[in-house]
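This is data17.txt (compact mmCIF, C-alpha atoms and all ligand atoms).
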```
# COMPACT_ATOMS: atom_id res chain seq x y z
CA MET V 1465 18.18 10.34 -16.34
CA MET V 1466 15.27 10.80 -13.94
CA GLN V 1467 16.37 14.12 -12.40
CA ASN V 1468 13.36 15.64 -14.05
CA PHE V 1469 10.77 13.14 -12.97
CA GLN V 1470 8.41 15.85 -11.84
CA GLY V 1471 7.03 16.67 -15.28
CA MET V 1472 6.15 13.01 -15.77
CA ALA V 1473 4.81 12.74 -12.25
CA ARG V 1474 2.56 15.74 -12.85
CA ARG V 1475 1.09 14.14 -15.96
CA LEU V 1476 0.49 10.94 -13.99
CA VAL V 1477 -1.29 12.87 -11.26
CA ASP V 1478 -3.47 14.62 -13.86
CA LYS V 1479 -4.54 11.19 -15.06
CA LEU V 1480 -5.30 10.05 -11.50
CA ALA V 1481 -7.40 13.19 -10.93
CA ALA V 1482 -9.28 12.48 -14.18
CA GLU V 1483 -9.91 8.93 -12.90
CA GLY V 1484 -11.60 10.34 -9.80
CA ILE V 1485 -8.87 10.81 -7.19
CA SER V 1486 -9.93 14.03 -5.51
CA ASP V 1487 -7.86 14.25 -2.31
CA LYS V 1488 -5.35 17.02 -3.07
CA ARG V 1489 -2.92 15.79 -0.41
CA VAL V 1490 -2.81 12.32 -1.94
CA LEU V 1491 -2.23 13.78 -5.42
CA GLN V 1492 0.47 16.09 -4.06
CA VAL V 1493 2.33 13.24 -2.36
CA ILE V 1494 2.20 11.06 -5.49
CA GLU V 1495 3.49 13.95 -7.55
CA THR V 1496 6.56 14.41 -5.35
CA THR V 1497 7.39 10.78 -4.54
CA PRO V 1498 10.08 9.41 -6.91
CA ARG V 1499 8.39 6.16 -7.99
CA HIS V 1500 11.34 5.38 -10.31
CA LEU V 1501 13.49 4.65 -7.24
CA PHE V 1502 11.19 1.78 -6.23
CA MET V 1503 11.90 -0.52 -9.17
CA PRO V 1504 14.76 -2.01 -11.16
CA GLU V 1505 16.62 0.68 -13.11
CA SER V 1506 15.81 -1.06 -16.38
CA LEU V 1507 12.11 -0.24 -15.83
CA ALA V 1508 12.55 3.29 -14.49
CA HIS V 1509 11.52 4.85 -17.80
CA LYS V 1510 8.03 3.38 -17.21
CA ALA V 1511 7.77 4.55 -13.62
CA TYR V 1512 5.25 7.32 -14.30
CA GLU V 1513 2.93 5.23 -16.43
CA ASN V 1514 -0.26 4.16 -14.71
CA THR V 1515 0.69 0.47 -14.58
CA ALA V 1516 1.90 -2.18 -12.17
CA LEU V 1517 5.51 -3.25 -12.86
CA PRO V 1518 7.63 -6.25 -11.81
CA ILE V 1519 9.98 -5.72 -8.84
CA GLY V 1520 11.57 -9.19 -8.63
CA SER V 1521 10.69 -12.31 -6.59
CA GLY V 1522 7.57 -12.62 -8.78
CA GLN V 1523 6.02 -9.53 -7.18
CA THR V 1524 4.85 -6.18 -8.54
CA ILE V 1525 4.76 -2.53 -7.54
CA SER V 1526 1.04 -1.68 -7.54
CA GLN V 1527 -0.58 0.46 -10.20
CA PRO V 1528 -0.53 4.17 -9.22
CA LEU V 1529 -4.33 4.47 -9.52
CA MET V 1530 -4.74 1.59 -7.07
CA VAL V 1531 -2.21 3.12 -4.64
CA ALA V 1532 -4.05 6.45 -4.89
CA SER V 1533 -7.54 4.93 -4.41
CA MET V 1534 -6.56 2.81 -1.43
CA THR V 1535 -4.65 5.69 0.15
CA GLN V 1536 -7.61 8.02 -0.38
CA LEU V 1537 -9.89 5.56 1.40
CA LEU V 1538 -7.55 5.74 4.41
CA THR V 1539 -7.28 9.54 4.42
CA GLN V 1540 -11.08 9.85 4.13
CA HIS V 1541 -11.31 7.87 7.36
CA HIS V 1542 -8.68 10.09 9.06
CA CYS V 1543 -6.42 7.14 9.84
CA LYS V 1544 -3.38 7.92 11.99
CA ARG V 1545 -1.81 4.53 12.72
CA VAL V 1546 -1.83 2.37 9.62
CA LEU V 1547 -0.80 -1.25 9.08
CA GLU V 1548 0.22 -2.26 5.56
CA ILE V 1549 0.41 -5.93 4.58
CA GLY V 1550 2.80 -6.51 1.65
CA THR V 1551 5.59 -3.90 1.72
CA GLY V 1552 6.92 -5.03 -1.68
CA SER V 1553 8.89 -2.14 -3.18
CA GLY V 1554 7.94 0.17 -0.32
CA TYR V 1555 6.25 2.66 -2.65
CA GLN V 1556 2.81 2.46 -1.06
CA THR V 1557 4.57 2.64 2.31
CA ALA V 1558 6.34 5.86 1.25
CA VAL V 1559 3.09 7.46 0.09
CA LEU V 1560 1.33 6.53 3.34
CA ALA V 1561 4.19 7.72 5.54
CA GLN V 1562 3.75 11.24 4.15
CA LEU V 1563 0.03 11.30 4.96
CA VAL V 1564 -0.43 9.51 8.28
CA GLU V 1565 1.36 9.59 11.63
CA GLN V 1566 2.82 6.10 11.77
CA VAL V 1567 3.05 3.26 9.26
CA PHE V 1568 3.64 -0.39 10.18
CA SER V 1569 4.44 -2.66 7.26
CA VAL V 1570 4.75 -6.45 7.07
CA GLU V 1571 6.47 -8.34 4.22
CA ARG V 1572 7.19 -12.06 3.89
CA ILE V 1573 10.07 -11.83 1.38
CA ALA V 1574 13.21 -10.66 3.20
CA GLU V 1575 14.98 -9.53 0.05
CA LEU V 1576 12.15 -7.14 -0.94
CA GLN V 1577 11.92 -5.84 2.60
CA TYR V 1578 15.65 -5.12 2.68
CA HIS V 1579 15.52 -2.98 -0.45
CA ALA V 1580 12.32 -1.22 0.63
CA LYS V 1581 13.93 -0.29 3.94
CA ARG V 1582 16.95 1.24 2.20
CA ARG V 1583 14.81 3.30 -0.17
CA LEU V 1584 12.61 4.68 2.61
CA LYS V 1585 15.65 5.67 4.64
CA LYS V 1586 17.17 7.40 1.63
CA LEU V 1587 13.97 9.44 1.27
CA ASP V 1588 14.23 10.41 4.94
CA LEU V 1589 10.98 8.73 5.89
CA HIS V 1590 11.32 7.61 9.49
CA ASN V 1591 7.76 7.13 10.76
CA ILE V 1592 7.79 3.56 9.45
CA SER V 1593 8.26 0.28 11.33
CA MET V 1594 8.86 -2.89 9.34
CA ARG V 1595 8.43 -6.50 10.15
CA HIS V 1596 9.45 -9.65 8.31
CA GLY V 1597 6.58 -12.07 8.77
CA ASP V 1598 3.25 -13.46 7.66
CA GLY V 1599 0.69 -10.79 6.95
CA TRP V 1600 -2.23 -13.12 7.72
CA GLN V 1601 -1.25 -12.65 11.37
CA GLY V 1602 -1.11 -8.84 11.15
CA TRP V 1603 1.06 -7.27 13.85
CA ALA V 1604 -0.71 -7.92 17.15
CA SER V 1605 1.77 -6.19 19.47
CA LYS V 1606 1.32 -2.86 17.62
CA ALA V 1607 -2.49 -3.08 17.37
CA PRO V 1608 -5.00 -1.46 17.33
CA PHE V 1609 -4.75 0.26 13.95
CA ASP V 1610 -7.03 2.99 12.57
CA GLY V 1611 -6.44 1.62 9.10
CA ILE V 1612 -5.17 -1.64 7.60
CA ILE V 1613 -4.32 -1.89 3.90
CA VAL V 1614 -3.53 -5.19 2.22
CA THR V 1615 -1.69 -4.92 -1.09
CA ALA V 1616 -2.07 -8.58 -2.12
CA ALA V 1617 -5.29 -10.53 -2.73
CA ALA V 1618 -6.50 -12.74 0.12
CA SER V 1619 -8.60 -15.88 -0.42
CA ASP V 1620 -10.63 -14.88 2.68
CA ILE V 1621 -10.66 -11.94 5.03
CA PRO V 1622 -7.96 -12.68 7.66
CA THR V 1623 -9.60 -12.76 11.11
CA ALA V 1624 -6.45 -11.43 12.80
CA LEU V 1625 -6.65 -8.25 10.74
CA MET V 1626 -10.28 -7.66 11.74
CA GLN V 1627 -9.33 -8.16 15.39
CA GLN V 1628 -6.48 -5.65 15.11
CA LEU V 1629 -8.74 -2.83 13.90
CA ALA V 1630 -9.48 0.01 16.32
CA ASP V 1631 -13.12 0.87 16.95
CA GLY V 1632 -14.15 2.89 13.88
CA GLY V 1633 -11.12 1.56 12.01
CA VAL V 1634 -11.14 0.50 8.37
CA LEU V 1635 -9.65 -2.53 6.57
CA ILE V 1636 -9.04 -2.23 2.83
CA ILE V 1637 -8.36 -5.57 1.21
CA PRO V 1638 -8.60 -7.23 -2.20
CA VAL V 1639 -10.44 -10.56 -1.79
CA GLY V 1640 -10.64 -13.46 -4.23
CA THR V 1641 -8.46 -15.71 -6.33
CA THR V 1642 -9.16 -15.67 -10.08
CA GLN V 1643 -11.81 -12.96 -9.59
CA GLN V 1644 -10.85 -10.33 -7.04
CA ARG V 1645 -12.78 -7.45 -5.56
CA LEU V 1646 -11.73 -4.62 -3.27
CA TYR V 1647 -13.47 -4.82 0.12
CA VAL V 1648 -13.76 -2.03 2.67
CA ILE V 1649 -14.57 -3.27 6.17
CA ARG V 1650 -15.30 -0.92 9.07
CA ARG V 1651 -15.36 -1.90 12.69
CA PHE V 1652 -18.00 -0.58 15.08
CA GLY V 1653 -17.40 -2.24 18.44
CA ASP V 1654 -17.98 -5.93 17.78
CA ASP V 1655 -19.82 -5.23 14.52
CA PHE V 1656 -18.22 -5.12 11.09
CA GLU V 1657 -19.75 -3.30 8.15
CA GLN V 1658 -18.61 -4.61 4.79
CA LYS V 1659 -18.67 -2.87 1.40
CA GLN V 1660 -17.51 -4.20 -1.94
CA LEU V 1661 -15.96 -1.81 -4.44
CA ALA V 1662 -14.37 -2.40 -7.84
CA ASP V 1663 -12.92 -5.57 -9.37
CA VAL V 1664 -9.15 -5.50 -8.98
CA LYS V 1665 -6.02 -7.50 -9.88
CA PHE V 1666 -3.32 -8.16 -7.25
CA VAL V 1667 -0.68 -10.81 -6.68
CA PRO V 1668 -1.91 -13.37 -4.11
CA LEU V 1669 -1.55 -12.95 -0.36
CA VAL V 1670 0.46 -16.12 0.18
CA PRO V 1671 -1.02 -18.28 2.93
CA GLY V 1672 0.85 -19.49 5.98
CA ALA V 1673 4.42 -19.34 7.21
CA LEU V 1674 7.58 -17.99 5.63
CA LEU V 1675 9.46 -19.66 2.81
N1 LIG V 1701 2.61 -2.29 -1.90
C1 LIG V 1701 3.54 -3.03 -2.71
C2 LIG V 1701 2.83 -4.19 -3.36
C3 LIG V 1701 3.74 -5.32 -3.55
S1 LIG V 1701 2.95 -6.77 -4.21
C4 LIG V 1701 4.14 -2.15 -3.78
O1 LIG V 1701 3.43 -1.30 -4.32
O2 LIG V 1701 5.31 -2.32 -4.09
C5 LIG V 1701 2.38 -7.57 -2.75
C6 LIG V 1701 3.41 -7.90 -1.71
O3 LIG V 1701 2.77 -8.70 -0.71
C7 LIG V 1701 4.60 -8.71 -2.21
O4 LIG V 1701 5.79 -8.05 -1.86
C8 LIG V 1701 4.47 -10.04 -1.47
O5 LIG V 1701 5.70 -10.64 -1.14
C9 LIG V 1701 3.70 -9.64 -0.23
N2 LIG V 1701 2.99 -10.74 0.42
C10 LIG V 1701 2.29 -11.74 -0.17
N3 LIG V 1701 1.79 -12.58 0.75
C11 LIG V 1701 2.18 -12.09 1.97
C12 LIG V 1701 1.97 -12.51 3.31
N4 LIG V 1701 1.25 -13.59 3.62
N5 LIG V 1701 2.52 -11.77 4.31
C13 LIG V 1701 3.24 -10.65 4.02
N6 LIG V 1701 3.47 -10.21 2.77
C14 LIG V 1701 2.94 -10.91 1.75
```
Would you mind giving the structure from this file in structure tokens?
Ligand code: SAH
Amino acid sequence: MMQNFQGMARRLVDKLAAEGISDKRVLQVIETTPRHLFMPESLAHKAYENTALPIGSGQTISQPLMVASMTQLLTQHHCKRVLEIGTGSGYQTAVLAQLVEQVFSVERIAELQYHAKRRLKKLDLHNISMRHGDGWQGWASKAPFDGIIVTAAASDIPTALMQQLADGGVLIIPVGTTQQRLYVIRRFGDDFEQKQLADVKFVPLVPGALL
């Protein structure tokens, strides 16, 4: 059914470009990544619409425009080693893996992680390391990271993630509960520069240990 996803993917990418995504490499990767493989088959016909969709366990695959914007922020900062918090479907992971050297991804729900891992392997993406754990802690043994991207909304900025940034590194994170905003935090030595971008809507970054 989806053999010909590329026509739909091209139209999606045209929309993203019209919305202000200008990095040609990011657009190219989104155009060629089969998003329909990252969701239940019953939703695959909606895969190239610019919307978030449910992926089970009460979670969602992020909206393509959000994936593109957050990815573009990382490519603008020339990130090589990137930590993702919230693997979910693995779609954002797949996009990143085609644009940076190494992706590290942490997910707290084992079931989602299992499926994400299988999909990424099937797509022959091998520069990805995955960990089942609590994203609030980051992944200390693999730090420092040039970029950290959080794909769930945090009530506060997790200190561990700030500590795991390389000098000059950038943390992209939705912050807030009912009202959320995308923050971009850059590290300069012991100083952190913080910018607030658009209002956003993500599932919550669940506090604390595993279920
Ligand atoms: N990038 C994913 C987004 C999935 S939604 C995609 O596009 O498919 C956010 C994900 O963050 C969910 O899978 C959720 O289980 C995960 N998550 C929430 N709180 C977490 C935490 N504390 N540690 C790790 N992962 C978490």
**Report entry** At most 9 Å from ligand LIG 1701 (chain V) (all atoms listed in the file): residue list as a PyMOL selection string
**Finding:** chain V and resi 1502-1503+1516-1528+1531+1548-1557+1569-1574+1576-1577+1580+1596-1602+1614-1618+1666-1674
- Which neighbours of V:Leu1537 fall inside 10 Å, counting all atoms listed in the file, when residues of the same chain fewer than 6 positions from it are skipped, and could you give them as a PyMOL selection string? chain V and resi 1487+1543+1611+1613+1634-1636+1648
Task: Top pick for closest residue to V:Ile1637, considering V:Gln1470, V:Gln1540, V:Thr1535, V:Ser1605 and counting all atoms listed in the file - done: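 Ranking V:Gln1470, V:Gln1540, V:Thr1535, V:Ser1605 by distance to V:Ile1637, first place goes to V:Thr1535.
Distance check against V:Ala1482 using all atoms listed in the file: of V:Val1546, V:Leu1529, V:Ala1558, V:Ile1649, the minimum falls on V:Leu1529.
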Would you kindly return, as a VMD selection string, each protein, DNA or RNA residue with an atom no farther than 12 Å from any atom of V:Ser1486, considering all atoms listed in the file and excluding same-chain residues fewer than 3 positions away?
chain V and resid 1477 to 1483 1489 to 1492 1529 1532 to 1533 1535 to 1537 1539 to 1540
- [ ] State, in Å with one decimal place, the distance from atom CA of V:Pro1638 to atom CA of V:Thr1496.
- [x]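 Calculated distance between atom CA of V:Pro1638 and atom CA of V:Thr1496 is 26.6 Å.
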For this session: Excluding V:His1590 and any residue of its chain fewer than 3 positions from it, enumerate the residues within 12 Å of it, using all atoms listed in the file, and give them as a PyMOL selection string.
Result: chain V and resi 1557-1558+1560-1562+1564-1568+1581-1587+1593-1594
### Query
Which residue out of V:Phe1652, V:Leu1507, V:Arg1595, V:Leu1563 has the minimum interatomic distance to V:Lys1488 when only C-alpha atoms are used?
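When distances to V:Lys1488 are compared using only C-alpha atoms, the smallest one comes from V:Leu1563.
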As a tab-separated table (two decimals), keeping the file's coordinate frame, could you write out stretch 1501-1512 of chain V once it has been completed with all heavy atoms?
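To be explicit, this is the file written out as out.tsv:
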```tsv
chain	number	residue	atom	x	y	z
V	1501	LEU	N	12.50	5.23	-8.16
V	1501	LEU	CA	13.49	4.65	-7.24
V	1501	LEU	C	13.01	3.34	-6.61
V	1501	LEU	O	13.75	2.70	-5.88
V	1501	LEU	CB	13.82	5.66	-6.13
V	1501	LEU	CG	14.43	6.99	-6.57
V	1501	LEU	CD1	14.73	7.86	-5.37
V	1501	LEU	CD2	15.71	6.75	-7.39
V	1502	PHE	N	11.77	2.96	-6.87
V	1502	PHE	CA	11.19	1.78	-6.23
V	1502	PHE	C	11.12	0.57	-7.16
V	1502	PHE	O	10.34	-0.35	-6.93
V	1502	PHE	CB	9.79	2.12	-5.70
V	1502	PHE	CG	9.83	3.06	-4.51
V	1502	PHE	CD1	9.94	4.43	-4.69
V	1502	PHE	CD2	9.79	2.55	-3.22
V	1502	PHE	CE1	10.00	5.29	-3.60
V	1502	PHE	CE2	9.85	3.41	-2.12
V	1502	PHE	CZ	9.97	4.77	-2.31
V	1503	MET	N	11.94	0.59	-8.20
V	1503	MET	CA	11.90	-0.52	-9.17
V	1503	MET	C	13.28	-0.71	-9.77
V	1503	MET	O	14.15	0.14	-9.60
V	1503	MET	CB	10.88	-0.18	-10.25
V	1503	MET	CG	11.21	1.08	-11.01
V	1503	MET	SD	9.89	1.56	-12.14
V	1503	MET	CE	8.53	1.82	-11.02
V	1504	PRO	N	13.47	-1.83	-10.49
V	1504	PRO	CA	14.76	-2.01	-11.16
V	1504	PRO	C	15.02	-0.87	-12.14
V	1504	PRO	O	14.09	-0.39	-12.78
V	1504	PRO	CB	14.59	-3.34	-11.90
V	1504	PRO	CG	13.38	-3.99	-11.33
V	1504	PRO	CD	12.54	-2.94	-10.72
V	1505	GLU	N	16.27	-0.45	-12.25
V	1505	GLU	CA	16.62	0.68	-13.11
V	1505	GLU	C	16.17	0.49	-14.55
V	1505	GLU	O	15.81	1.45	-15.23
V	1505	GLU	CB	18.13	0.89	-13.08
V	1505	GLU	CG	18.51	2.29	-12.62
V	1505	GLU	CD	20.01	2.43	-12.49
V	1505	GLU	OE1	20.60	1.81	-11.58
V	1505	GLU	OE2	20.57	3.13	-13.33
V	1506	SER	N	16.18	-0.78	-14.99
V	1506	SER	CA	15.81	-1.06	-16.38
V	1506	SER	C	14.34	-0.72	-16.66
V	1506	SER	O	13.94	-0.63	-17.81
V	1506	SER	CB	16.06	-2.53	-16.69
V	1506	SER	OG	15.33	-3.33	-15.79
V	1507	LEU	N	13.53	-0.56	-15.63
V	1507	LEU	CA	12.11	-0.24	-15.83
V	1507	LEU	C	11.78	1.21	-15.48
V	1507	LEU	O	10.65	1.66	-15.65
V	1507	LEU	CB	11.24	-1.17	-14.97
V	1507	LEU	CG	11.21	-2.62	-15.39
V	1507	LEU	CD1	10.39	-3.43	-14.40
V	1507	LEU	CD2	10.62	-2.75	-16.80
V	1508	ALA	N	12.80	1.94	-15.01
V	1508	ALA	CA	12.55	3.29	-14.49
V	1508	ALA	C	11.87	4.21	-15.50
V	1508	ALA	O	11.10	5.10	-15.13
V	1508	ALA	CB	13.85	3.90	-13.99
V	1509	HIS	N	12.14	3.98	-16.79
V	1509	HIS	CA	11.52	4.85	-17.80
V	1509	HIS	C	10.00	4.67	-17.86
V	1509	HIS	O	9.30	5.49	-18.44
V	1509	HIS	CB	12.14	4.59	-19.19
V	1509	HIS	CG	11.90	3.21	-19.71
V	1509	HIS	ND1	12.53	2.09	-19.20
V	1509	HIS	CD2	11.07	2.75	-20.68
V	1509	HIS	CE1	12.12	1.01	-19.86
V	1509	HIS	NE2	11.23	1.38	-20.75
V	1510	LYS	N	9.48	3.60	-17.23
V	1510	LYS	CA	8.03	3.38	-17.21
V	1510	LYS	C	7.40	3.78	-15.88
V	1510	LYS	O	6.20	3.56	-15.66
V	1510	LYS	CB	7.72	1.89	-17.43
V	1510	LYS	CG	8.05	1.41	-18.82
V	1510	LYS	CD	7.51	0.00	-19.00
V	1510	LYS	CE	7.74	-0.46	-20.43
V	1510	LYS	NZ	7.22	-1.81	-20.63
V	1511	ALA	N	8.21	4.35	-15.00
V	1511	ALA	CA	7.77	4.55	-13.62
V	1511	ALA	C	6.55	5.45	-13.49
V	1511	ALA	O	5.79	5.34	-12.54
V	1511	ALA	CB	8.92	5.11	-12.78
V	1512	TYR	N	6.36	6.36	-14.43
V	1512	TYR	CA	5.25	7.32	-14.30
V	1512	TYR	C	4.10	6.99	-15.24
V	1512	TYR	O	3.22	7.80	-15.48
V	1512	TYR	CB	5.77	8.76	-14.44
V	1512	TYR	CG	6.77	8.99	-13.32
V	1512	TYR	CD1	8.13	8.77	-13.52
V	1512	TYR	CD2	6.34	9.29	-12.03
V	1512	TYR	CE1	9.04	8.88	-12.48
V	1512	TYR	CE2	7.24	9.39	-10.99
V	1512	TYR	CZ	8.57	9.19	-11.21
V	1512	TYR	OH	9.46	9.28	-10.17
```
